[in-house]
>>> print(open('run.txt').read())   # compact mmCIF, C-alpha atoms
# COMPACT_ATOMS: atom_id res chain seq x y z
CA MET K 1 -34.23 28.51 26.07
CA THR K 2 -33.95 32.30 25.86
CA ARG K 3 -33.69 34.03 22.49
CA HIS K 4 -31.54 37.15 22.10
CA THR K 5 -34.05 39.42 20.37
CA THR K 6 -31.84 42.48 20.93
CA SER K 7 -29.26 41.23 18.47
CA ALA K 8 -28.93 43.70 15.57
CA THR K 9 -28.06 41.08 12.97
CA GLN K 10 -29.89 37.83 12.45
CA PRO K 11 -27.77 35.12 14.08
CA ALA K 12 -27.04 32.02 11.98
CA SER K 13 -29.30 29.13 12.84
CA PRO K 14 -27.70 26.93 15.53
CA ALA K 15 -28.37 23.83 13.42
CA THR K 16 -26.33 25.26 10.53
CA GLU K 17 -23.52 26.20 12.86
CA ILE K 18 -23.40 22.77 14.48
CA MET K 19 -23.60 20.99 11.12
CA PHE K 20 -20.91 23.16 9.53
CA SER K 21 -18.50 22.98 12.46
CA ARG K 22 -18.99 19.21 12.53
CA ILE K 23 -18.06 18.96 8.83
CA LEU K 24 -15.12 21.34 9.28
CA THR K 25 -13.71 19.62 12.38
CA SER K 26 -13.97 16.10 10.93
CA ALA K 27 -12.47 17.18 7.61
CA LEU K 28 -9.56 19.05 9.20
CA PHE K 29 -8.57 16.08 11.38
CA ALA K 30 -9.01 13.54 8.59
CA GLY K 31 -7.31 15.65 5.91
CA ALA K 32 -4.33 16.64 8.04
CA ALA K 33 -3.71 13.08 9.27
CA ALA K 34 -4.09 11.40 5.87
CA GLY K 35 -2.19 14.24 4.18
CA LEU K 36 0.76 13.90 6.54
CA ILE K 37 0.99 10.14 5.91
CA ALA K 38 0.60 10.72 2.15
CA ALA K 39 3.37 13.34 2.22
CA LEU K 40 5.80 11.04 4.04
CA LEU K 41 5.01 8.16 1.64
CA GLN K 42 5.52 10.50 -1.33
CA LEU K 43 8.85 11.72 0.03
CA ALA K 44 9.99 8.13 0.53
CA PHE K 45 8.72 6.57 -2.71
CA VAL K 46 7.84 9.23 -5.29
CA GLN K 47 10.39 11.99 -4.64
CA PRO K 48 13.47 9.84 -5.51
CA VAL K 49 11.84 8.92 -8.86
CA LEU K 50 10.99 12.60 -9.47
CA LEU K 51 14.54 13.76 -8.67
CA HIS K 52 15.91 11.03 -10.95
CA ALA K 53 13.66 12.25 -13.78
CA GLU K 54 14.79 15.84 -13.22
CA LEU K 55 18.38 14.81 -14.01
CA TYR K 56 17.12 13.97 -17.52
CA GLU K 57 14.82 17.02 -17.66
CA SER K 58 17.79 19.30 -16.91
CA GLY K 59 20.02 17.46 -19.37
CA GLU K 60 22.48 16.31 -16.73
CA LEU K 61 21.79 12.76 -17.85
CA VAL K 62 21.00 11.93 -21.48
CA HIS K 63 18.90 8.95 -22.50
CA PHE K 64 20.20 7.20 -25.67
CA GLY K 65 23.23 9.49 -25.75
CA ALA K 66 26.69 8.43 -26.83
CA GLU K 67 27.20 6.42 -23.64
CA ALA K 68 24.89 4.11 -21.73
CA VAL K 69 23.66 5.74 -18.51
CA SER K 70 23.54 3.99 -15.14
CA ALA K 71 20.01 3.43 -13.87
CA HIS K 72 21.22 4.17 -10.33
CA PRO K 73 22.75 7.64 -10.18
CA GLU K 74 23.65 9.41 -6.93
CA LEU K 75 20.46 11.08 -5.73
CA PRO K 76 20.12 13.52 -2.86
CA GLY K 77 18.76 11.64 0.18
CA MET K 78 15.37 12.10 1.84
CA PHE K 79 15.04 15.52 3.52
CA SER K 80 18.26 16.80 1.87
CA GLU K 81 16.32 19.81 0.57
CA LEU K 82 14.44 20.81 3.70
CA THR K 83 12.50 23.80 2.35
CA ARG K 84 11.39 21.94 -0.75
CA ASP K 85 10.29 18.88 1.23
CA ALA K 86 8.59 20.98 3.92
CA LEU K 87 6.59 22.79 1.24
CA SER K 88 5.61 19.42 -0.21
CA VAL K 89 4.38 18.26 3.21
CA ILE K 90 2.35 21.46 3.72
CA PHE K 91 0.79 21.35 0.25
CA THR K 92 -0.03 17.64 0.49
CA MET K 93 -1.75 18.18 3.86
CA LEU K 94 -3.67 21.13 2.37
CA THR K 95 -4.69 19.13 -0.70
CA TYR K 96 -5.98 16.22 1.38
CA THR K 97 -7.82 18.65 3.66
CA GLY K 98 -9.54 19.94 0.51
CA TYR K 99 -10.44 16.36 -0.47
CA ALA K 100 -11.67 15.68 3.09
CA LEU K 101 -13.94 18.76 3.05
CA VAL K 102 -15.65 17.53 -0.12
CA LEU K 103 -15.80 13.96 1.21
CA VAL K 104 -17.23 14.81 4.65
CA ALA K 105 -19.76 17.22 3.13
CA LEU K 106 -21.05 14.41 0.89
CA MET K 107 -20.99 12.01 3.86
CA SER K 108 -23.25 14.41 5.75
CA VAL K 109 -25.70 14.44 2.83
CA ALA K 110 -25.65 10.62 2.63
CA GLU K 111 -26.23 10.33 6.38
CA GLY K 112 -29.14 12.76 6.06
CA GLN K 113 -30.63 10.28 3.58
CA GLY K 114 -30.31 7.49 6.12
CA HIS K 115 -27.01 5.87 5.09
CA LYS K 116 -24.57 4.70 7.75
CA VAL K 117 -21.28 6.61 7.87
CA ASP K 118 -18.40 5.44 10.06
CA GLY K 119 -14.75 4.45 9.84
CA ARG K 120 -15.55 1.14 8.11
CA THR K 121 -17.86 2.53 5.42
CA GLY K 122 -15.36 5.40 5.16
CA VAL K 123 -12.96 2.98 3.45
CA LEU K 124 -15.47 2.63 0.58
CA TRP K 125 -15.87 6.42 0.47
CA GLY K 126 -12.09 6.68 0.23
CA ILE K 127 -11.90 4.21 -2.67
CA ALA K 128 -14.67 6.14 -4.46
CA GLY K 129 -12.74 9.38 -3.89
CA PHE K 130 -9.59 7.79 -5.28
CA VAL K 131 -11.46 6.71 -8.41
CA ALA K 132 -12.97 10.19 -8.86
CA PHE K 133 -9.90 12.32 -8.16
CA HIS K 134 -6.97 10.08 -9.15
CA LEU K 135 -7.86 7.04 -11.22
CA ALA K 136 -10.45 8.60 -13.55
CA PRO K 137 -8.35 11.59 -14.71
CA GLY K 138 -5.10 9.57 -14.50
CA PHE K 139 -6.51 6.79 -16.71
CA THR K 140 -5.90 9.01 -19.74
CA LEU K 141 -3.77 11.85 -18.35
CA ALA K 142 -1.33 9.58 -16.48
CA PRO K 143 0.52 11.14 -13.53
CA GLU K 144 3.33 13.05 -15.25
CA VAL K 145 6.93 12.74 -14.29
CA PRO K 146 8.77 16.08 -14.76
CA GLY K 147 10.05 16.48 -18.31
CA VAL K 148 7.33 14.60 -20.21
CA ALA K 149 5.72 16.13 -23.27
CA ALA K 150 2.18 17.37 -22.60
CA ALA K 151 -0.49 19.53 -24.18
CA ASP K 152 -1.39 23.04 -22.97
CA VAL K 153 -1.80 23.03 -19.19
CA TYR K 154 -5.09 24.98 -19.18
CA ALA K 155 -6.69 22.59 -21.65
CA ARG K 156 -5.61 19.66 -19.51
CA GLN K 157 -6.95 21.32 -16.36
CA VAL K 158 -10.36 21.82 -17.95
CA TRP K 159 -10.40 18.15 -18.97
CA TRP K 160 -9.20 17.17 -15.48
CA PHE K 161 -11.98 19.06 -13.68
CA ALA K 162 -14.66 17.79 -16.08
CA THR K 163 -13.46 14.20 -15.70
CA VAL K 164 -13.32 14.43 -11.90
CA ALA K 165 -16.84 15.92 -11.78
CA ALA K 166 -18.24 13.22 -14.09
CA ALA K 167 -16.53 10.42 -12.14
CA ALA K 168 -17.68 11.84 -8.78
CA VAL K 169 -21.31 11.87 -9.94
CA ALA K 170 -20.82 8.34 -11.32
CA MET K 171 -19.48 7.04 -7.99
CA TRP K 172 -22.43 8.61 -6.15
CA LEU K 173 -24.87 6.94 -8.58
CA ILE K 174 -23.14 3.56 -8.17
CA ALA K 175 -23.24 3.87 -4.37
CA PHE K 176 -26.74 5.28 -3.90
CA GLY K 177 -28.57 5.02 -7.25
CA GLY K 178 -29.93 1.56 -6.59
CA ASN K 179 -31.40 0.91 -10.05
CA ILE K 180 -30.18 -0.14 -13.48
CA ILE K 181 -30.68 3.29 -15.05
CA SER K 182 -28.34 4.98 -12.58
CA TYR K 183 -25.70 2.29 -13.19
CA VAL K 184 -25.93 2.84 -16.95
CA ILE K 185 -25.62 6.61 -16.51
CA ALA K 186 -22.65 6.04 -14.16
CA ALA K 187 -20.90 3.83 -16.73
CA ALA K 188 -21.47 6.45 -19.45
CA LEU K 189 -20.09 9.21 -17.19
CA LEU K 190 -17.00 7.12 -16.40
CA LEU K 191 -16.35 6.21 -20.05
CA ALA K 192 -17.20 9.47 -21.83
CA PRO K 193 -14.10 11.57 -20.93
CA HIS K 194 -11.84 8.79 -22.22
CA MET K 195 -13.87 8.21 -25.40
CA ILE K 196 -13.77 11.97 -26.08
CA GLY K 197 -10.07 11.99 -25.24
CA ALA K 198 -7.82 14.29 -23.25
CA PRO K 199 -5.61 17.04 -24.70
CA GLU K 200 -2.47 15.24 -25.89
CA PRO K 201 0.85 16.70 -27.11
CA ASP K 202 1.43 16.95 -30.87
CA VAL K 203 4.90 15.45 -30.65
CA PHE K 204 6.79 13.46 -28.03
CA THR K 205 9.75 15.42 -26.76
CA GLY K 206 10.19 13.87 -23.31
CA PRO K 207 13.86 13.13 -22.52
CA VAL K 208 13.01 10.93 -19.51
CA PRO K 209 13.43 7.12 -19.86
CA THR K 210 10.11 5.26 -20.04
CA GLU K 211 11.16 3.07 -17.07
CA ILE K 212 11.22 6.15 -14.82
CA GLY K 213 7.90 7.46 -16.13
CA ALA K 214 6.17 4.11 -15.58
CA LEU K 215 7.52 3.75 -12.04
CA PHE K 216 6.45 7.31 -11.25
CA ALA K 217 2.87 6.77 -12.44
CA ALA K 218 2.59 3.43 -10.61
CA ARG K 219 3.83 4.93 -7.34
CA ALA K 220 1.67 8.06 -7.66
CA PHE K 221 -1.41 5.84 -8.08
CA GLY K 222 -0.36 3.48 -5.26
CA ILE K 223 0.16 6.24 -2.73
CA GLY K 224 -3.00 7.98 -3.94
CA LEU K 225 -5.02 4.85 -3.14
CA VAL K 226 -3.45 4.43 0.30
CA ALA K 227 -3.97 8.10 1.17
CA TRP K 228 -7.57 8.12 -0.06
CA VAL K 229 -8.48 4.96 1.89
CA LEU K 230 -6.98 6.64 4.96
CA VAL K 231 -8.76 9.96 4.39
CA GLY K 232 -12.07 8.09 3.91
CA ALA K 233 -11.65 5.96 7.02
CA PHE K 234 -10.50 8.93 9.13
CA ALA K 235 -13.31 11.13 7.80
CA GLY K 236 -15.95 8.50 8.64
CA TYR K 237 -14.44 7.92 12.07
CA PHE K 238 -14.21 11.61 13.02
CA TRP K 239 -17.67 12.28 11.57
CA GLN K 240 -19.13 9.66 13.96
CA LYS K 241 -17.01 10.90 16.87
CA GLU K 242 -18.16 14.50 16.28
CA ALA K 243 -21.77 13.25 16.18
CA SER K 244 -21.59 11.84 19.69
CA HIS K 245 -19.78 15.02 20.77
CA ALA K 246 -22.49 17.24 19.23
CA GLU K 247 -25.23 15.19 20.90
CA ALA K 248 -23.49 15.36 24.28
CA THR K 249 -23.21 19.16 24.15
CA ALA K 250 -26.63 19.78 22.54
CA MET W 1 -35.45 9.98 19.45
CA THR W 2 -33.13 12.95 19.40
CA THR W 3 -31.24 11.75 16.34
CA GLN W 4 -34.50 11.50 14.42
CA THR W 5 -35.56 15.12 15.13
CA GLN W 6 -32.00 16.28 14.45
CA THR W 7 -31.98 14.60 11.06
CA ILE W 8 -35.29 16.15 10.01
CA SER W 9 -34.53 19.69 11.22
CA GLY W 10 -30.98 19.45 9.89
CA ALA W 11 -31.98 18.38 6.38
CA ARG W 12 -32.25 21.90 4.91
CA THR W 13 -29.38 23.50 6.86
CA GLY W 14 -27.33 20.36 6.23
CA VAL W 15 -27.40 20.83 2.47
CA LEU W 16 -26.31 24.46 2.88
CA SER W 17 -23.41 23.46 5.13
CA ALA W 18 -22.43 20.67 2.75
CA LEU W 19 -22.45 23.00 -0.27
CA PHE W 20 -20.28 25.54 1.52
CA ALA W 21 -17.82 22.85 2.67
CA ILE W 22 -17.60 21.48 -0.90
CA ALA W 23 -16.92 24.99 -2.26
CA LEU W 24 -14.20 25.50 0.36
CA GLY W 25 -12.66 22.09 -0.40
CA LEU W 26 -12.62 22.65 -4.16
CA GLY W 27 -11.14 26.12 -3.56
CA ILE W 28 -8.25 24.59 -1.60
CA ILE W 29 -7.67 21.91 -4.27
CA THR W 30 -7.66 24.56 -7.01
CA LEU W 31 -5.16 26.64 -5.04
CA THR W 32 -2.76 23.82 -4.19
CA GLY W 33 -3.14 21.87 -7.41
CA HIS W 34 -4.07 24.12 -10.29
CA VAL W 35 -3.41 27.88 -9.97
CA GLN W 36 -0.48 28.63 -12.29
CA ALA W 37 0.94 31.66 -10.40
CA ALA W 38 4.71 31.14 -10.35
CA ALA W 39 5.20 31.19 -6.57
CA LEU W 40 2.37 28.72 -5.97
CA HIS W 41 3.47 26.52 -8.85
CA ASP W 42 7.06 26.32 -7.62
CA ALA W 43 6.08 25.66 -4.00
CA ALA W 44 3.55 22.97 -4.92
CA HIS W 45 5.53 21.58 -7.87
CA ASP W 46 6.48 18.17 -6.45
CA VAL W 47 3.03 17.67 -4.91
CA ARG W 48 1.28 18.46 -8.19
CA HIS W 49 3.35 15.87 -10.02
CA ALA W 50 3.06 13.23 -7.29
CA THR W 51 -0.72 13.75 -6.97
CA GLY W 52 -1.30 13.51 -10.71
CA PHE W 53 -2.49 17.10 -11.29
CA PRO W 54 -1.65 18.62 -14.70
CA CYS W 55 1.41 20.63 -13.64
CA HIS W 56 2.97 22.63 -16.47
>>> encode(input="run.txt", output="structure tokens")
Amino acid sequence: MTRHTTSATQPASPATEIMFSRILTSALFAGAAAGLIAALLQLAFVQPVLLHAELYESGELVHFGAEAVSAHPELPGMFSELTRDALSVIFTMLTYTGYALVLVALMSVAEGQGHKVDGRTGVLWGIAGFVAFHLAPGFTLAPEVPGVAAADVYARQVWWFATVAAAAVAMWLIAFGGNIISYVIAAALLLAPHMIGAPEPDVFTGPVPTEIGALFAARAFGIGLVAWVLVGAFAGYFWQKEASHAEATA
Amino acid sequence: MTTQTQTISGARTGVLSALFAIALGLGIITLTGHVQAAALHDAAHDVRHATGFPCH
């Protein structure tokens, strides 16, 4: 192999380049594919509930008003607001690409430590990601339907990030710790944010019926789990595929 | 075996690549899910609610 000693700047090590492009490629494929499926599922199952809630948020419908309100109002159909739905698709794909980058990066570390990573084990990675990013923060700060009462958004975001970080470390310890001490630490990390408590509103002012809020949270969790299992499986699959590709071209 | 040598030589650079990918991923999640700038918030509104991010 010839080395280009005339180069003015130090070139990045080929190993770093290969490793990083392998992470990037796998994550982009996995995130875009899982994100697209998640977006379509959200448009089909979450968006109608959200639009229904917005009728109460805007005051068009009034819960416990003078007259009983039908639980089945006329809602705009799927894709009736093209720009809004298109933005949702783009942002969901972006969000899941972000998840996939974190997931594949951690997969590469695990593989470096001798753990097998492929489409099958990717399912477990996906479930762990769902617990860290959806279930752990949502266990106390439940997915909010528009119009619910909530505490200051910045305070909730701080709690959200701290809870996700703690849960992510906990899931890693459960997966790879391998001894009782790491399981105990993992349990403490999973419990602590909820024992401490999340920022809660002082008073309840939400005008949205509880039936809508409950359905919204259930569906947000359900689609989160499906999308995370997919992003994990895809990430593991593409990570393996890129490995054979990298070896073939090396 | 080639995989063996790759794993050993890639250990140090691998961590660097992983850290950078994690930073990039968290950056994207912060942008799509958490930054409160009005334009971003409005565009990502439905996604933030449906994904369980604290929205507003």
>>> interface_residues(input="run.txt", of="chain W", to="chain K", cutoff="7 Å", atoms="all atoms listed in the file", output="JSON, numbers by chain")
{"W": [7, 10, 11, 13, 14, 15, 17, 18, 21, 22, 25, 26, 28, 29, 32, 43, 44, 46, 47, 49, 50, 51, 52, 54, 55, 56]}
>>> atom_distance(input="run.txt", atom1="atom CA of Ala192 of chain K", atom2="atom CA of Ala167 of chain K")
9.8 Å
>>> atom_distance(input="run.txt", atom1="atom CA of Tyr183 of chain K", atom2="atom CA of Gly122 of chain K")
21.3 Å
>>> axis_aligned_box(input="run.txt", around="segment 36-47 of chain W", padding_each_side="5 Å", output="AutoDock Vina command-line options")
--center_x 3.3 --center_y 24.7 --center_z -8.1 --size_x 17.5 --size_y 24.0 --size_z 18.3
>>> atom_distance(input="run.txt", atom1="atom CA of Ala53 of chain K", atom2="atom CA of Thr205 of chain K")
13.9 Å
>>> closest_residue(input="run.txt", among="K:Glu74, K:His245, K:Ala165, K:Val131", to="Trp228 of chain K", atoms="all atoms listed in the file")
K:Val131
>>> build_atoms(input="run.txt", residues="segment 32-43 of chain W", atoms="all heavy atoms", output="mmCIF file, in the frame of the given file")
data_model
loop_
_atom_site.group_PDB
_atom_site.id
_atom_site.type_symbol
_atom_site.label_atom_id
_atom_site.label_comp_id
_atom_site.auth_asym_id
_atom_site.auth_seq_id
_atom_site.Cartn_x
_atom_site.Cartn_y
_atom_site.Cartn_z
ATOM 1 N N THR W 32 -3.971 24.619 -4.343
ATOM 2 C CA THR W 32 -2.760 23.820 -4.190
ATOM 3 C C THR W 32 -2.405 23.080 -5.478
ATOM 4 O O THR W 32 -1.232 22.847 -5.746
ATOM 5 C CB THR W 32 -2.915 22.760 -3.074
ATOM 6 O OG1 THR W 32 -4.026 21.908 -3.400
ATOM 7 C CG2 THR W 32 -3.164 23.392 -1.737
ATOM 8 N N GLY W 33 -3.410 22.753 -6.287
ATOM 9 C CA GLY W 33 -3.140 21.870 -7.410
ATOM 10 C C GLY W 33 -3.167 22.506 -8.783
ATOM 11 O O GLY W 33 -2.616 21.959 -9.728
ATOM 12 N N HIS W 34 -3.797 23.673 -8.925
ATOM 13 C CA HIS W 34 -4.070 24.120 -10.290
ATOM 14 C C HIS W 34 -3.694 25.558 -10.629
ATOM 15 O O HIS W 34 -3.419 25.846 -11.789
ATOM 16 C CB HIS W 34 -5.559 23.904 -10.609
ATOM 17 C CG HIS W 34 -5.945 22.465 -10.535
ATOM 18 N ND1 HIS W 34 -5.793 21.605 -11.593
ATOM 19 C CD2 HIS W 34 -6.421 21.714 -9.516
ATOM 20 C CE1 HIS W 34 -6.178 20.396 -11.231
ATOM 21 N NE2 HIS W 34 -6.559 20.436 -9.972
ATOM 22 N N VAL W 35 -3.716 26.479 -9.652
ATOM 23 C CA VAL W 35 -3.410 27.880 -9.970
ATOM 24 C C VAL W 35 -1.970 27.966 -10.487
ATOM 25 O O VAL W 35 -1.052 27.401 -9.891
ATOM 26 C CB VAL W 35 -3.608 28.773 -8.734
ATOM 27 C CG1 VAL W 35 -3.133 30.177 -9.009
ATOM 28 C CG2 VAL W 35 -5.071 28.782 -8.332
ATOM 29 N N GLN W 36 -1.787 28.642 -11.625
ATOM 30 C CA GLN W 36 -0.480 28.630 -12.290
ATOM 31 C C GLN W 36 0.452 29.773 -11.862
ATOM 32 O O GLN W 36 1.529 29.915 -12.424
ATOM 33 C CB GLN W 36 -0.670 28.668 -13.811
ATOM 34 C CG GLN W 36 -1.202 27.358 -14.381
ATOM 35 C CD GLN W 36 -0.251 26.197 -14.184
ATOM 36 O OE1 GLN W 36 0.924 26.305 -14.482
ATOM 37 N NE2 GLN W 36 -0.744 25.095 -13.652
ATOM 38 N N ALA W 37 0.059 30.599 -10.881
ATOM 39 C CA ALA W 37 0.940 31.660 -10.400
ATOM 40 C C ALA W 37 2.294 31.057 -10.038
ATOM 41 O O ALA W 37 2.355 29.989 -9.424
ATOM 42 C CB ALA W 37 0.319 32.341 -9.184
ATOM 43 N N ALA W 38 3.379 31.730 -10.438
ATOM 44 C CA ALA W 38 4.710 31.140 -10.350
ATOM 45 C C ALA W 38 5.071 30.680 -8.943
ATOM 46 O O ALA W 38 5.559 29.565 -8.752
ATOM 47 C CB ALA W 38 5.746 32.143 -10.868
ATOM 48 N N ALA W 39 4.813 31.535 -7.937
ATOM 49 C CA ALA W 39 5.200 31.190 -6.570
ATOM 50 C C ALA W 39 4.478 29.938 -6.096
ATOM 51 O O ALA W 39 5.082 29.027 -5.528
ATOM 52 C CB ALA W 39 4.899 32.356 -5.629
ATOM 53 N N LEU W 40 3.160 29.883 -6.369
ATOM 54 C CA LEU W 40 2.370 28.720 -5.970
ATOM 55 C C LEU W 40 2.827 27.477 -6.720
ATOM 56 O O LEU W 40 2.982 26.404 -6.151
ATOM 57 C CB LEU W 40 0.887 28.977 -6.260
ATOM 58 C CG LEU W 40 0.026 29.460 -5.103
ATOM 59 C CD1 LEU W 40 -1.396 29.670 -5.565
ATOM 60 C CD2 LEU W 40 0.054 28.452 -3.952
ATOM 61 N N HIS W 41 3.056 27.661 -8.028
ATOM 62 C CA HIS W 41 3.470 26.520 -8.850
ATOM 63 C C HIS W 41 4.775 25.930 -8.342
ATOM 64 O O HIS W 41 4.905 24.722 -8.191
ATOM 65 C CB HIS W 41 3.620 26.950 -10.315
ATOM 66 C CG HIS W 41 4.235 25.888 -11.169
ATOM 67 N ND1 HIS W 41 5.598 25.752 -11.302
ATOM 68 C CD2 HIS W 41 3.685 24.882 -11.897
ATOM 69 C CE1 HIS W 41 5.857 24.717 -12.087
ATOM 70 N NE2 HIS W 41 4.704 24.174 -12.452
ATOM 71 N N ASP W 42 5.748 26.812 -8.048
ATOM 72 C CA ASP W 42 7.060 26.320 -7.620
ATOM 73 C C ASP W 42 6.967 25.623 -6.261
ATOM 74 O O ASP W 42 7.573 24.574 -6.044
ATOM 75 C CB ASP W 42 8.064 27.477 -7.547
ATOM 76 C CG ASP W 42 8.352 28.029 -8.937
ATOM 77 O OD1 ASP W 42 7.906 27.398 -9.918
ATOM 78 O OD2 ASP W 42 8.998 29.084 -9.035
ATOM 79 N N ALA W 43 6.186 26.223 -5.351
ATOM 80 C CA ALA W 43 6.080 25.660 -4.000
ATOM 81 C C ALA W 43 5.374 24.302 -4.036
ATOM 82 O O ALA W 43 5.734 23.389 -3.305
ATOM 83 C CB ALA W 43 5.335 26.618 -3.087
#
